[in-house]
$ cat structure04.cif   # mmCIF, C-alpha atoms
data_my_file
#
loop_
_atom_site.group_PDB
_atom_site.id
_atom_site.type_symbol
_atom_site.label_atom_id
_atom_site.label_comp_id
_atom_site.auth_asym_id
_atom_site.auth_seq_id
_atom_site.Cartn_x
_atom_site.Cartn_y
_atom_site.Cartn_z
ATOM 1 C CA MET A 77 276.850 8.406 -63.661
ATOM 2 C CA GLU A 78 279.981 10.448 -64.118
ATOM 3 C CA GLU A 79 281.102 13.298 -61.923
ATOM 4 C CA TYR A 80 282.558 16.373 -63.655
ATOM 5 C CA LEU A 81 282.950 20.147 -63.462
ATOM 6 C CA VAL A 82 280.992 22.714 -65.477
ATOM 7 C CA PRO A 83 280.776 26.519 -65.298
ATOM 8 C CA ALA A 84 278.388 27.645 -62.570
ATOM 9 C CA GLY A 85 276.951 30.189 -65.002
ATOM 10 C CA PHE A 86 277.952 33.083 -67.216
ATOM 11 C CA GLY A 87 281.206 34.843 -66.394
ATOM 12 C CA GLN A 88 282.770 37.991 -67.816
ATOM 13 C CA ASP A 89 285.819 40.100 -67.024
ATOM 14 C CA GLU A 90 288.236 42.275 -68.957
ATOM 15 C CA PHE A 91 291.628 43.951 -68.840
ATOM 16 C CA THR A 92 293.844 46.199 -70.945
ATOM 17 C CA GLU A 93 297.311 45.176 -72.105
ATOM 18 C CA LYS A 94 299.441 47.782 -73.944
ATOM 19 C CA LYS A 95 296.295 49.647 -74.995
ATOM 20 C CA SER A 96 294.596 46.496 -76.350
ATOM 21 C CA ARG A 97 291.309 45.706 -74.622
ATOM 22 C CA PHE A 98 290.599 42.027 -73.913
ATOM 23 C CA ILE A 99 287.107 40.888 -72.853
ATOM 24 C CA GLY A 100 286.789 37.291 -71.661
ATOM 25 C CA ARG A 101 283.459 35.501 -71.450
ATOM 26 C CA VAL A 102 282.471 31.968 -70.418
ATOM 27 C CA TRP A 103 279.139 30.148 -70.701
ATOM 28 C CA LEU A 104 277.703 26.795 -69.669
ATOM 29 C CA VAL A 105 276.415 24.976 -72.776
ATOM 30 C CA GLU A 106 275.034 21.468 -73.280
ATOM 31 C CA THR A 107 275.735 20.991 -77.006
ATOM 32 C CA GLU A 108 278.154 22.042 -79.723
ATOM 33 C CA GLU A 109 275.289 23.920 -81.390
ATOM 34 C CA GLU A 110 274.821 26.044 -78.263
ATOM 35 C CA ALA A 111 278.565 26.755 -78.156
ATOM 36 C CA LEU A 112 278.626 27.853 -81.800
ATOM 37 C CA ALA A 113 275.573 30.034 -81.223
ATOM 38 C CA LYS A 114 277.338 31.887 -78.387
ATOM 39 C CA ILE A 115 280.395 32.418 -80.595
ATOM 40 C CA GLN A 116 278.258 33.846 -83.402
ATOM 41 C CA GLU A 117 276.420 36.052 -80.923
ATOM 42 C CA MET A 118 279.727 37.569 -79.791
ATOM 43 C CA LYS A 119 280.910 38.053 -83.371
ATOM 44 C CA LYS A 120 277.741 39.998 -84.125
ATOM 45 C CA GLN A 121 277.860 41.974 -80.871
ATOM 46 C CA HIS A 122 281.548 42.800 -81.345
ATOM 47 C CA TYR A 123 281.602 43.058 -85.145
ATOM 48 C CA ASP A 124 284.008 45.986 -84.784
ATOM 49 C CA ALA A 125 286.521 44.041 -82.679
ATOM 50 C CA THR A 126 289.880 43.038 -84.124
ATOM 51 C CA HIS A 127 289.493 39.399 -83.041
ATOM 52 C CA ASN A 128 286.900 37.157 -81.377
ATOM 53 C CA CYS A 129 288.916 34.082 -80.427
ATOM 54 C CA TRP A 130 287.214 31.049 -78.915
ATOM 55 C CA ALA A 131 287.443 27.547 -77.501
ATOM 56 C CA TYR A 132 284.938 25.001 -76.271
ATOM 57 C CA ILE A 133 284.767 21.538 -74.726
ATOM 58 C CA ILE A 134 281.602 19.435 -74.888
ATOM 59 C CA LYS A 135 281.367 16.379 -72.613
ATOM 60 C CA ASP A 136 281.705 13.246 -74.751
ATOM 61 C CA GLY A 137 281.668 15.531 -77.795
ATOM 62 C CA ALA A 138 283.631 18.137 -79.712
ATOM 63 C CA VAL A 139 286.719 19.995 -78.516
ATOM 64 C CA ARG A 140 287.528 22.950 -80.778
ATOM 65 C CA PHE A 141 289.240 26.345 -80.831
ATOM 66 C CA SER A 142 290.007 29.243 -83.170
ATOM 67 C CA ASP A 143 292.666 31.967 -83.307
ATOM 68 C CA ASP A 144 290.302 34.124 -85.446
ATOM 69 C CA GLY A 145 293.130 35.810 -87.309
ATOM 70 C CA GLU A 146 295.720 35.980 -84.536
ATOM 71 C CA PRO A 147 299.024 34.199 -85.266
ATOM 72 C CA GLY A 148 298.589 30.405 -85.092
ATOM 73 C CA GLY A 149 298.778 28.951 -81.587
ATOM 74 C CA THR A 150 298.653 32.295 -79.753
ATOM 75 C CA ALA A 151 294.955 32.511 -78.828
ATOM 76 C CA GLY A 152 292.559 29.575 -79.236
ATOM 77 C CA MET A 153 294.899 26.853 -77.999
ATOM 78 C CA PRO A 154 296.018 28.777 -74.883
ATOM 79 C CA MET A 155 292.336 29.431 -74.098
ATOM 80 C CA LEU A 156 291.506 25.735 -74.560
ATOM 81 C CA GLN A 157 294.388 24.791 -72.274
ATOM 82 C CA VAL A 158 292.944 27.026 -69.536
ATOM 83 C CA LEU A 159 289.583 25.235 -69.791
ATOM 84 C CA GLN A 160 291.343 21.866 -69.670
ATOM 85 C CA ARG A 161 293.511 22.821 -66.680
ATOM 86 C CA GLU A 162 290.406 23.992 -64.849
ATOM 87 C CA GLY A 163 288.828 20.596 -65.523
ATOM 88 C CA LEU A 164 285.739 22.068 -67.187
ATOM 89 C CA PHE A 165 283.301 20.448 -69.602
ATOM 90 C CA ASN A 166 280.242 21.814 -71.429
ATOM 91 C CA VAL A 167 281.987 25.163 -71.593
ATOM 92 C CA VAL A 168 282.570 27.776 -74.285
ATOM 93 C CA CYS A 169 284.929 30.724 -73.921
ATOM 94 C CA VAL A 170 285.227 33.767 -76.194
ATOM 95 C CA VAL A 171 287.950 36.370 -75.734
ATOM 96 C CA THR A 172 287.355 39.566 -77.709
ATOM 97 C CA ARG A 173 290.273 41.856 -78.540
ATOM 98 C CA TYR A 174 290.191 45.487 -79.563
ATOM 99 C CA PHE A 175 293.678 46.240 -80.887
ATOM 100 C CA GLY A 176 295.325 49.228 -79.238
ATOM 101 C CA GLY A 177 298.074 49.891 -81.772
ATOM 102 C CA ILE A 178 300.960 48.197 -79.951
ATOM 103 C CA LEU A 179 302.038 44.683 -81.010
ATOM 104 C CA LEU A 180 302.280 42.196 -78.149
ATOM 105 C CA GLY A 181 304.391 39.550 -79.845
ATOM 106 C CA ALA A 182 303.618 35.827 -79.780
ATOM 107 C CA GLY A 183 304.478 35.392 -76.102
ATOM 108 C CA GLY A 184 302.476 38.443 -75.129
ATOM 109 C CA LEU A 185 299.450 37.191 -77.056
ATOM 110 C CA VAL A 186 299.602 33.773 -75.410
ATOM 111 C CA ARG A 187 299.741 35.396 -71.979
ATOM 112 C CA ALA A 188 296.911 37.803 -72.812
ATOM 113 C CA TYR A 189 294.520 35.155 -74.154
ATOM 114 C CA THR A 190 295.403 32.815 -71.293
ATOM 115 C CA LYS A 191 294.565 35.599 -68.856
ATOM 116 C CA GLY A 192 291.360 36.464 -70.726
ATOM 117 C CA ALA A 193 290.112 32.893 -70.430
ATOM 118 C CA LYS A 194 291.190 32.501 -66.799
ATOM 119 C CA ILE A 195 289.497 35.652 -65.526
ATOM 120 C CA ALA A 196 286.296 34.647 -67.334
ATOM 121 C CA VAL A 197 286.384 31.178 -65.735
ATOM 122 C CA ASP A 198 286.984 32.751 -62.329
ATOM 123 C CA ALA A 199 284.062 35.125 -62.860
ATOM 124 C CA ALA A 200 281.758 32.243 -63.839
ATOM 125 C CA GLY A 201 282.712 29.944 -60.962
ATOM 126 C CA LYS A 202 282.443 26.153 -61.065
ATOM 127 C CA SER A 203 279.750 23.597 -60.367
ATOM 128 C CA ILE A 204 280.194 19.865 -59.939
ATOM 129 C CA LYS A 205 277.706 17.620 -61.704
ATOM 130 C CA ARG A 206 277.169 14.353 -59.865
ATOM 131 C CA VAL A 207 274.563 12.092 -58.323
ATOM 132 C CA TRP A 208 273.308 13.609 -55.074
ATOM 133 C CA THR A 209 271.337 11.687 -52.479
ATOM 134 C CA VAL A 210 268.496 13.739 -51.006
ATOM 135 C CA LEU A 211 268.209 13.251 -47.237
ATOM 136 C CA TYR A 212 265.497 14.241 -44.787
ATOM 137 C CA VAL A 213 267.039 14.903 -41.374
ATOM 138 C CA PRO A 214 264.874 15.952 -38.384
ATOM 139 C CA CYS A 215 267.198 17.463 -35.815
ATOM 140 C CA PRO A 216 266.747 18.672 -32.216
ATOM 141 C CA TYR A 217 267.783 22.318 -31.874
ATOM 142 C CA THR A 218 270.630 21.358 -29.551
ATOM 143 C CA TYR A 219 272.314 19.491 -32.425
ATOM 144 C CA TYR A 220 271.570 21.945 -35.242
ATOM 145 C CA GLU A 221 274.951 23.731 -35.344
ATOM 146 C CA ARG A 222 276.815 20.436 -35.071
ATOM 147 C CA VAL A 223 274.818 18.922 -37.926
ATOM 148 C CA LYS A 224 275.663 21.915 -40.142
ATOM 149 C CA LEU A 225 279.357 21.312 -39.474
ATOM 150 C CA GLU A 226 278.998 17.619 -40.326
ATOM 151 C CA VAL A 227 277.197 18.436 -43.591
ATOM 152 C CA ALA A 228 280.091 20.680 -44.606
ATOM 153 C CA ALA A 229 282.677 18.091 -43.557
ATOM 154 C CA PHE A 230 281.038 15.445 -45.771
ATOM 155 C CA GLY A 231 280.765 17.818 -48.754
ATOM 156 C CA GLY A 232 276.994 18.159 -48.588
ATOM 157 C CA ILE A 233 274.603 21.053 -49.134
ATOM 158 C CA ILE A 234 271.648 22.084 -46.969
ATOM 159 C CA ARG A 235 268.917 22.888 -49.488
ATOM 160 C CA ASN A 236 265.988 23.620 -47.170
ATOM 161 C CA THR A 237 265.588 24.304 -43.451
ATOM 162 C CA ASP A 238 262.257 24.374 -41.595
ATOM 163 C CA PHE A 239 262.104 25.530 -37.987
ATOM 164 C CA GLY A 240 259.242 23.946 -36.045
ATOM 165 C CA SER A 241 259.192 21.845 -32.906
ATOM 166 C CA GLU A 242 262.571 20.701 -34.203
ATOM 167 C CA VAL A 243 264.728 21.645 -37.168
ATOM 168 C CA GLU A 244 263.878 19.732 -40.339
ATOM 169 C CA LEU A 245 266.646 19.707 -42.932
ATOM 170 C CA GLU A 246 266.682 18.695 -46.563
ATOM 171 C CA ILE A 247 270.271 17.842 -47.373
ATOM 172 C CA LEU A 248 271.985 16.982 -50.648
ATOM 173 C CA MET A 249 274.881 14.631 -50.052
ATOM 174 C CA PRO A 250 277.297 13.086 -52.601
ATOM 175 C CA GLU A 251 275.901 9.614 -53.250
ATOM 176 C CA ALA A 252 279.035 7.800 -52.106
ATOM 177 C CA LYS A 253 279.014 9.592 -48.723
ATOM 178 C CA ALA A 254 275.301 9.503 -47.864
ATOM 179 C CA GLN A 255 275.240 6.366 -45.726
ATOM 180 C CA SER A 256 278.440 7.267 -43.869
ATOM 181 C CA PHE A 257 276.935 10.681 -43.113
ATOM 182 C CA LEU A 258 273.712 9.162 -41.736
ATOM 183 C CA ASP A 259 275.716 6.734 -39.609
ATOM 184 C CA ARG A 260 277.804 9.620 -38.308
ATOM 185 C CA LEU A 261 274.703 11.568 -37.250
ATOM 186 C CA THR A 262 273.293 8.566 -35.428
ATOM 187 C CA ASP A 263 276.556 7.927 -33.559
ATOM 188 C CA MET A 264 277.192 11.596 -32.820
ATOM 189 C CA SER A 265 273.720 12.136 -31.334
ATOM 190 C CA ALA A 266 273.419 8.821 -29.479
ATOM 191 C CA ALA A 267 270.589 7.938 -31.916
ATOM 192 C CA ASN A 268 268.686 11.184 -31.271
ATOM 193 C CA ILE A 269 269.034 11.976 -34.989
ATOM 194 C CA GLU A 270 267.905 9.498 -37.610
ATOM 195 C CA GLY A 271 267.826 10.738 -41.162
ATOM 196 C CA MET A 272 266.431 9.002 -44.215
ATOM 197 C CA GLU A 273 267.014 8.980 -47.952
ATOM 198 C CA THR A 274 264.121 10.396 -50.003
ATOM 199 C CA ALA A 275 265.455 10.662 -53.555
ATOM 200 C CA LYS A 276 268.457 10.894 -55.879
ATOM 201 C CA GLU A 277 269.243 13.762 -58.263
ATOM 202 C CA TYR A 278 271.828 14.078 -61.042
ATOM 203 C CA ARG A 279 272.602 17.766 -61.208
ATOM 204 C CA ALA A 280 275.232 20.459 -60.815
ATOM 205 C CA PHE A 281 275.812 22.585 -57.736
ATOM 206 C CA PRO A 282 278.424 25.298 -57.193
ATOM 207 C CA VAL A 283 281.694 24.391 -55.508
ATOM 208 C CA GLU A 284 284.172 26.694 -53.788
#

$ encode --input "structure04.cif" --output "structure tokens"
Amino acid sequence: MEEYLVPAGFGQDEFTEKKSRFIGRVWLVETEEEALAKIQEMKKQHYDATHNCWAYIIKDGAVRFSDDGEPGGTAGMPMLQVLQREGLFNVVCVVTRYFGGILLGAGGLVRAYTKGAKIAVDAAGKSIKRVWTVLYVPCPYTYYERVKLEVAAFGGIIRNTDFGSEVELEILMPEAKAQSFLDRLTDMSAANIEGMETAKEYRAFPVE
């Protein structure tokens, strides 16, 4: 199964440029229908806005954008290019503009809509969708801090921690690194730690 980036959730931010107010929003969507629904929702919510420009990318599906009345190439395409540069899929972005009375010019519009999309993406954050191997790792307390460092080094996530006679960890590890991680724990602890695979999951988790 493929590995790709999606928005971690909803993101919103705004700024003012020469008295025009720009509001950028990003959502995670699974289908083109969901993307179009979000666009319509914003058009209804901001019916009094000058423009509601948008772009979306659906994995293995549609890639579309709209300038919504701004000069051609100054809004939708720059927004789409932000989403593409960020490597995102299953994403829709809407940048709403309330005109402030001062013209920005073509270059100014491109910069403004690029910024509107970028700040929305940054506010949403990113998740990586991939196959994760679920590991059960019982760990003596003396090794607990070291194991946490190894999980981070291998790009894993500690999902659950139970403190009993020893620490019991449920760890999500990228599928390709799971066996190397288990081998590392065994070597590092002189075989005092022996983890085991319990399942596989195809899902998204936030990345830094």

$ residues_near_point --input "structure04.cif" --point "(265.5, 17.9, -35.5)" --cutoff "12 Å" --atoms "only C-alpha atoms" --output "PyMOL selection string"
chain A and resi 212-224+237-246+261+265+267-271

$ write_last_selection --input "structure04.cif" --atoms "C-alpha atoms" --output "PDB file, in the coordinates of the input"
ATOM      1  CA  TYR A 212     265.497  14.241 -44.787  1.00  0.00           C
ATOM      2  CA  VAL A 213     267.039  14.903 -41.374  1.00  0.00           C
ATOM      3  CA  PRO A 214     264.874  15.952 -38.384  1.00  0.00           C
ATOM      4  CA  CYS A 215     267.198  17.463 -35.815  1.00  0.00           C
ATOM      5  CA  PRO A 216     266.747  18.672 -32.216  1.00  0.00           C
ATOM      6  CA  TYR A 217     267.783  22.318 -31.874  1.00  0.00           C
ATOM      7  CA  THR A 218     270.630  21.358 -29.551  1.00  0.00           C
ATOM      8  CA  TYR A 219     272.314  19.491 -32.425  1.00  0.00           C
ATOM      9  CA  TYR A 220     271.570  21.945 -35.242  1.00  0.00           C
ATOM     10  CA  GLU A 221     274.951  23.731 -35.344  1.00  0.00           C
ATOM     11  CA  ARG A 222     276.815  20.436 -35.071  1.00  0.00           C
ATOM     12  CA  VAL A 223     274.818  18.922 -37.926  1.00  0.00           C
ATOM     13  CA  LYS A 224     275.663  21.915 -40.142  1.00  0.00           C
ATOM     14  CA  THR A 237     265.588  24.304 -43.451  1.00  0.00           C
ATOM     15  CA  ASP A 238     262.257  24.374 -41.595  1.00  0.00           C
ATOM     16  CA  PHE A 239     262.104  25.530 -37.987  1.00  0.00           C
ATOM     17  CA  GLY A 240     259.242  23.946 -36.045  1.00  0.00           C
ATOM     18  CA  SER A 241     259.192  21.845 -32.906  1.00  0.00           C
ATOM     19  CA  GLU A 242     262.571  20.701 -34.203  1.00  0.00           C
ATOM     20  CA  VAL A 243     264.728  21.645 -37.168  1.00  0.00           C
ATOM     21  CA  GLU A 244     263.878  19.732 -40.339  1.00  0.00           C
ATOM     22  CA  LEU A 245     266.646  19.707 -42.932  1.00  0.00           C
ATOM     23  CA  GLU A 246     266.682  18.695 -46.563  1.00  0.00           C
ATOM     24  CA  LEU A 261     274.703  11.568 -37.250  1.00  0.00           C
ATOM     25  CA  SER A 265     273.720  12.136 -31.334  1.00  0.00           C
ATOM     26  CA  ALA A 267     270.589   7.938 -31.916  1.00  0.00           C
ATOM     27  CA  ASN A 268     268.686  11.184 -31.271  1.00  0.00           C
ATOM     28  CA  ILE A 269     269.034  11.976 -34.989  1.00  0.00           C
ATOM     29  CA  GLU A 270     267.905   9.498 -37.610  1.00  0.00           C
ATOM     30  CA  GLY A 271     267.826  10.738 -41.162  1.00  0.00           C
TER      31      GLY A 271
END

$ atom_distance --input "structure04.cif" --atom1 "atom CA of Lys202 of chain A" --atom2 "atom CA of Phe98 of chain A"
22.0 Å

$ residues_around --input "structure04.cif" --residues "Ile204 of chain A" --least-positions-apart "5" --cutoff "6 Å" --atoms "all atoms listed in the file" --output "PyMOL selection string"
chain A and resi 80-81+280-281

$ closest_residue --input "structure04.cif" --among "A:His122, A:Arg235, A:Arg206, A:Arg260" --to "Glu277 of chain A" --atoms "all atoms listed in the file"
A:Arg206

$ residues_around --input "structure04.cif" --residues "Phe257 of chain A" --least-positions-apart "5" --cutoff "12 Å" --atoms "all atoms listed in the file" --output "PDB file with C-alpha atoms, keeping the file's coordinate frame"
ATOM      1  CA  THR A 209     271.337  11.687 -52.479  1.00  0.00           C
ATOM      2  CA  VAL A 210     268.496  13.739 -51.006  1.00  0.00           C
ATOM      3  CA  LEU A 211     268.209  13.251 -47.237  1.00  0.00           C
ATOM      4  CA  VAL A 213     267.039  14.903 -41.374  1.00  0.00           C
ATOM      5  CA  VAL A 223     274.818  18.922 -37.926  1.00  0.00           C
ATOM      6  CA  LYS A 224     275.663  21.915 -40.142  1.00  0.00           C
ATOM      7  CA  LEU A 225     279.357  21.312 -39.474  1.00  0.00           C
ATOM      8  CA  GLU A 226     278.998  17.619 -40.326  1.00  0.00           C
ATOM      9  CA  VAL A 227     277.197  18.436 -43.591  1.00  0.00           C
ATOM     10  CA  ALA A 228     280.091  20.680 -44.606  1.00  0.00           C
ATOM     11  CA  ALA A 229     282.677  18.091 -43.557  1.00  0.00           C
ATOM     12  CA  PHE A 230     281.038  15.445 -45.771  1.00  0.00           C
ATOM     13  CA  GLY A 231     280.765  17.818 -48.754  1.00  0.00           C
ATOM     14  CA  GLY A 232     276.994  18.159 -48.588  1.00  0.00           C
ATOM     15  CA  ILE A 247     270.271  17.842 -47.373  1.00  0.00           C
ATOM     16  CA  LEU A 248     271.985  16.982 -50.648  1.00  0.00           C
ATOM     17  CA  MET A 249     274.881  14.631 -50.052  1.00  0.00           C
ATOM     18  CA  PRO A 250     277.297  13.086 -52.601  1.00  0.00           C
ATOM     19  CA  GLU A 251     275.901   9.614 -53.250  1.00  0.00           C
ATOM     20  CA  ALA A 252     279.035   7.800 -52.106  1.00  0.00           C
ATOM     21  CA  THR A 262     273.293   8.566 -35.428  1.00  0.00           C
ATOM     22  CA  ASP A 263     276.556   7.927 -33.559  1.00  0.00           C
ATOM     23  CA  MET A 264     277.192  11.596 -32.820  1.00  0.00           C
ATOM     24  CA  ILE A 269     269.034  11.976 -34.989  1.00  0.00           C
ATOM     25  CA  GLU A 270     267.905   9.498 -37.610  1.00  0.00           C
ATOM     26  CA  GLY A 271     267.826  10.738 -41.162  1.00  0.00           C
ATOM     27  CA  MET A 272     266.431   9.002 -44.215  1.00  0.00           C
ATOM     28  CA  GLU A 273     267.014   8.980 -47.952  1.00  0.00           C
TER      29      GLU A 273
END

$ residues_around --input "structure04.cif" --residues "Ala188 of chain A" --least-positions-apart "5" --cutoff "9 Å" --atoms "all atoms listed in the file" --output "PDB file with C-alpha atoms, keeping the file's coordinate frame"
ATOM      1  CA  GLU A  93     297.311  45.176 -72.105  1.00  0.00           C
ATOM      2  CA  PHE A  98     290.599  42.027 -73.913  1.00  0.00           C
ATOM      3  CA  ALA A 151     294.955  32.511 -78.828  1.00  0.00           C
ATOM      4  CA  LEU A 180     302.280  42.196 -78.149  1.00  0.00           C
ATOM      5  CA  GLY A 183     304.478  35.392 -76.102  1.00  0.00           C
ATOM      6  CA  ALA A 193     290.112  32.893 -70.430  1.00  0.00           C
TER       7      ALA A 193
END

$ atom_distance --input "structure04.cif" --atom1 "atom CA of Ile195 of chain A" --atom2 "atom CA of Gly100 of chain A"
6.9 Å

$ resolve_selection --input "structure04.cif" --expression "the PyMOL selection byres ((chain A and resi 142) around 12)" --output "number ranges by chain"
A: 112, 115, 127-132, 139-141, 143-156, 168-172, 189

$ atom_distance --input "structure04.cif" --atom1 "atom CA of Pro282 of chain A" --atom2 "atom CA of Arg187 of chain A"
27.8 Å

$ decode --input "structure04.cif" --residues "segment 167-176 of chain A" --atoms "all heavy atoms" --output "mmCIF file, in the first residue's frame"
data_model
loop_
_atom_site.group_PDB
_atom_site.id
_atom_site.type_symbol
_atom_site.label_atom_id
_atom_site.label_comp_id
_atom_site.auth_asym_id
_atom_site.auth_seq_id
_atom_site.Cartn_x
_atom_site.Cartn_y
_atom_site.Cartn_z
ATOM 1 N N VAL A 167 -6.908 16.630 -0.039
ATOM 2 C CA VAL A 167 -6.887 17.953 0.597
ATOM 3 C C VAL A 167 -7.692 18.941 -0.233
ATOM 4 O O VAL A 167 -7.670 18.895 -1.463
ATOM 5 C CB VAL A 167 -5.427 18.448 0.765
ATOM 6 C CG1 VAL A 167 -4.692 18.469 -0.574
ATOM 7 C CG2 VAL A 167 -5.388 19.821 1.417
ATOM 8 N N VAL A 168 -8.448 19.804 0.449
ATOM 9 C CA VAL A 168 -9.115 20.920 -0.207
ATOM 10 C C VAL A 168 -8.769 22.191 0.556
ATOM 11 O O VAL A 168 -8.722 22.192 1.786
ATOM 12 C CB VAL A 168 -10.647 20.721 -0.288
ATOM 13 C CG1 VAL A 168 -11.274 20.520 1.072
ATOM 14 C CG2 VAL A 168 -11.313 21.905 -1.007
ATOM 15 N N CYS A 169 -8.494 23.251 -0.206
ATOM 16 C CA CYS A 169 -8.144 24.539 0.384
ATOM 17 C C CYS A 169 -9.051 25.615 -0.208
ATOM 18 O O CYS A 169 -9.253 25.656 -1.423
ATOM 19 C CB CYS A 169 -6.676 24.875 0.089
ATOM 20 S SG CYS A 169 -6.158 26.503 0.700
ATOM 21 N N VAL A 170 -9.600 26.454 0.660
ATOM 22 C CA VAL A 170 -10.392 27.611 0.235
ATOM 23 C C VAL A 170 -9.770 28.860 0.852
ATOM 24 O O VAL A 170 -9.535 28.891 2.066
ATOM 25 C CB VAL A 170 -11.867 27.501 0.673
ATOM 26 C CG1 VAL A 170 -12.635 28.760 0.248
ATOM 27 C CG2 VAL A 170 -12.523 26.255 0.084
ATOM 28 N N VAL A 171 -9.485 29.846 0.030
ATOM 29 C CA VAL A 171 -9.015 31.135 0.531
ATOM 30 C C VAL A 171 -10.082 32.177 0.197
ATOM 31 O O VAL A 171 -10.399 32.414 -0.970
ATOM 32 C CB VAL A 171 -7.653 31.543 -0.061
ATOM 33 C CG1 VAL A 171 -7.263 32.942 0.429
ATOM 34 C CG2 VAL A 171 -6.575 30.532 0.323
ATOM 35 N N THR A 172 -10.632 32.770 1.234
ATOM 36 C CA THR A 172 -11.691 33.774 1.117
ATOM 37 C C THR A 172 -11.072 35.165 1.176
ATOM 38 O O THR A 172 -10.225 35.433 2.032
ATOM 39 C CB THR A 172 -12.703 33.603 2.264
ATOM 40 O OG1 THR A 172 -13.289 32.302 2.173
ATOM 41 C CG2 THR A 172 -13.783 34.662 2.200
ATOM 42 N N ARG A 173 -11.512 36.037 0.272
ATOM 43 C CA ARG A 173 -10.991 37.411 0.259
ATOM 44 C C ARG A 173 -12.128 38.413 0.409
ATOM 45 O O ARG A 173 -13.134 38.349 -0.307
ATOM 46 C CB ARG A 173 -10.249 37.702 -1.038
ATOM 47 C CG ARG A 173 -9.680 39.131 -1.073
ATOM 48 C CD ARG A 173 -9.165 39.504 -2.448
ATOM 49 N NE ARG A 173 -8.521 40.820 -2.443
ATOM 50 C CZ ARG A 173 -8.142 41.472 -3.549
ATOM 51 N NH1 ARG A 173 -8.331 40.916 -4.738
ATOM 52 N NH2 ARG A 173 -7.572 42.660 -3.461
ATOM 53 N N TYR A 174 -11.935 39.321 1.353
ATOM 54 C CA TYR A 174 -12.791 40.498 1.472
ATOM 55 C C TYR A 174 -11.979 41.692 0.972
ATOM 56 O O TYR A 174 -10.991 42.078 1.593
ATOM 57 C CB TYR A 174 -13.227 40.705 2.929
ATOM 58 C CG TYR A 174 -14.286 39.725 3.392
ATOM 59 C CD1 TYR A 174 -13.927 38.518 3.964
ATOM 60 C CD2 TYR A 174 -15.637 40.024 3.245
ATOM 61 C CE1 TYR A 174 -14.888 37.604 4.382
ATOM 62 C CE2 TYR A 174 -16.614 39.124 3.667
ATOM 63 C CZ TYR A 174 -16.237 37.916 4.240
ATOM 64 O OH TYR A 174 -17.196 37.026 4.651
ATOM 65 N N PHE A 175 -12.379 42.246 -0.155
ATOM 66 C CA PHE A 175 -11.620 43.309 -0.809
ATOM 67 C C PHE A 175 -11.599 44.573 0.054
ATOM 68 O O PHE A 175 -12.629 45.011 0.569
ATOM 69 C CB PHE A 175 -12.240 43.612 -2.174
ATOM 70 C CG PHE A 175 -11.515 44.663 -2.958
ATOM 71 C CD1 PHE A 175 -10.156 44.545 -3.228
ATOM 72 C CD2 PHE A 175 -12.193 45.769 -3.447
ATOM 73 C CE1 PHE A 175 -9.492 45.508 -3.974
ATOM 74 C CE2 PHE A 175 -11.541 46.739 -4.193
ATOM 75 C CZ PHE A 175 -10.183 46.614 -4.456
ATOM 76 N N GLY A 176 -10.399 45.140 0.184
ATOM 77 C CA GLY A 176 -10.238 46.308 1.050
ATOM 78 C C GLY A 176 -10.166 47.639 0.324
ATOM 79 O O GLY A 176 -9.916 48.676 0.939
#
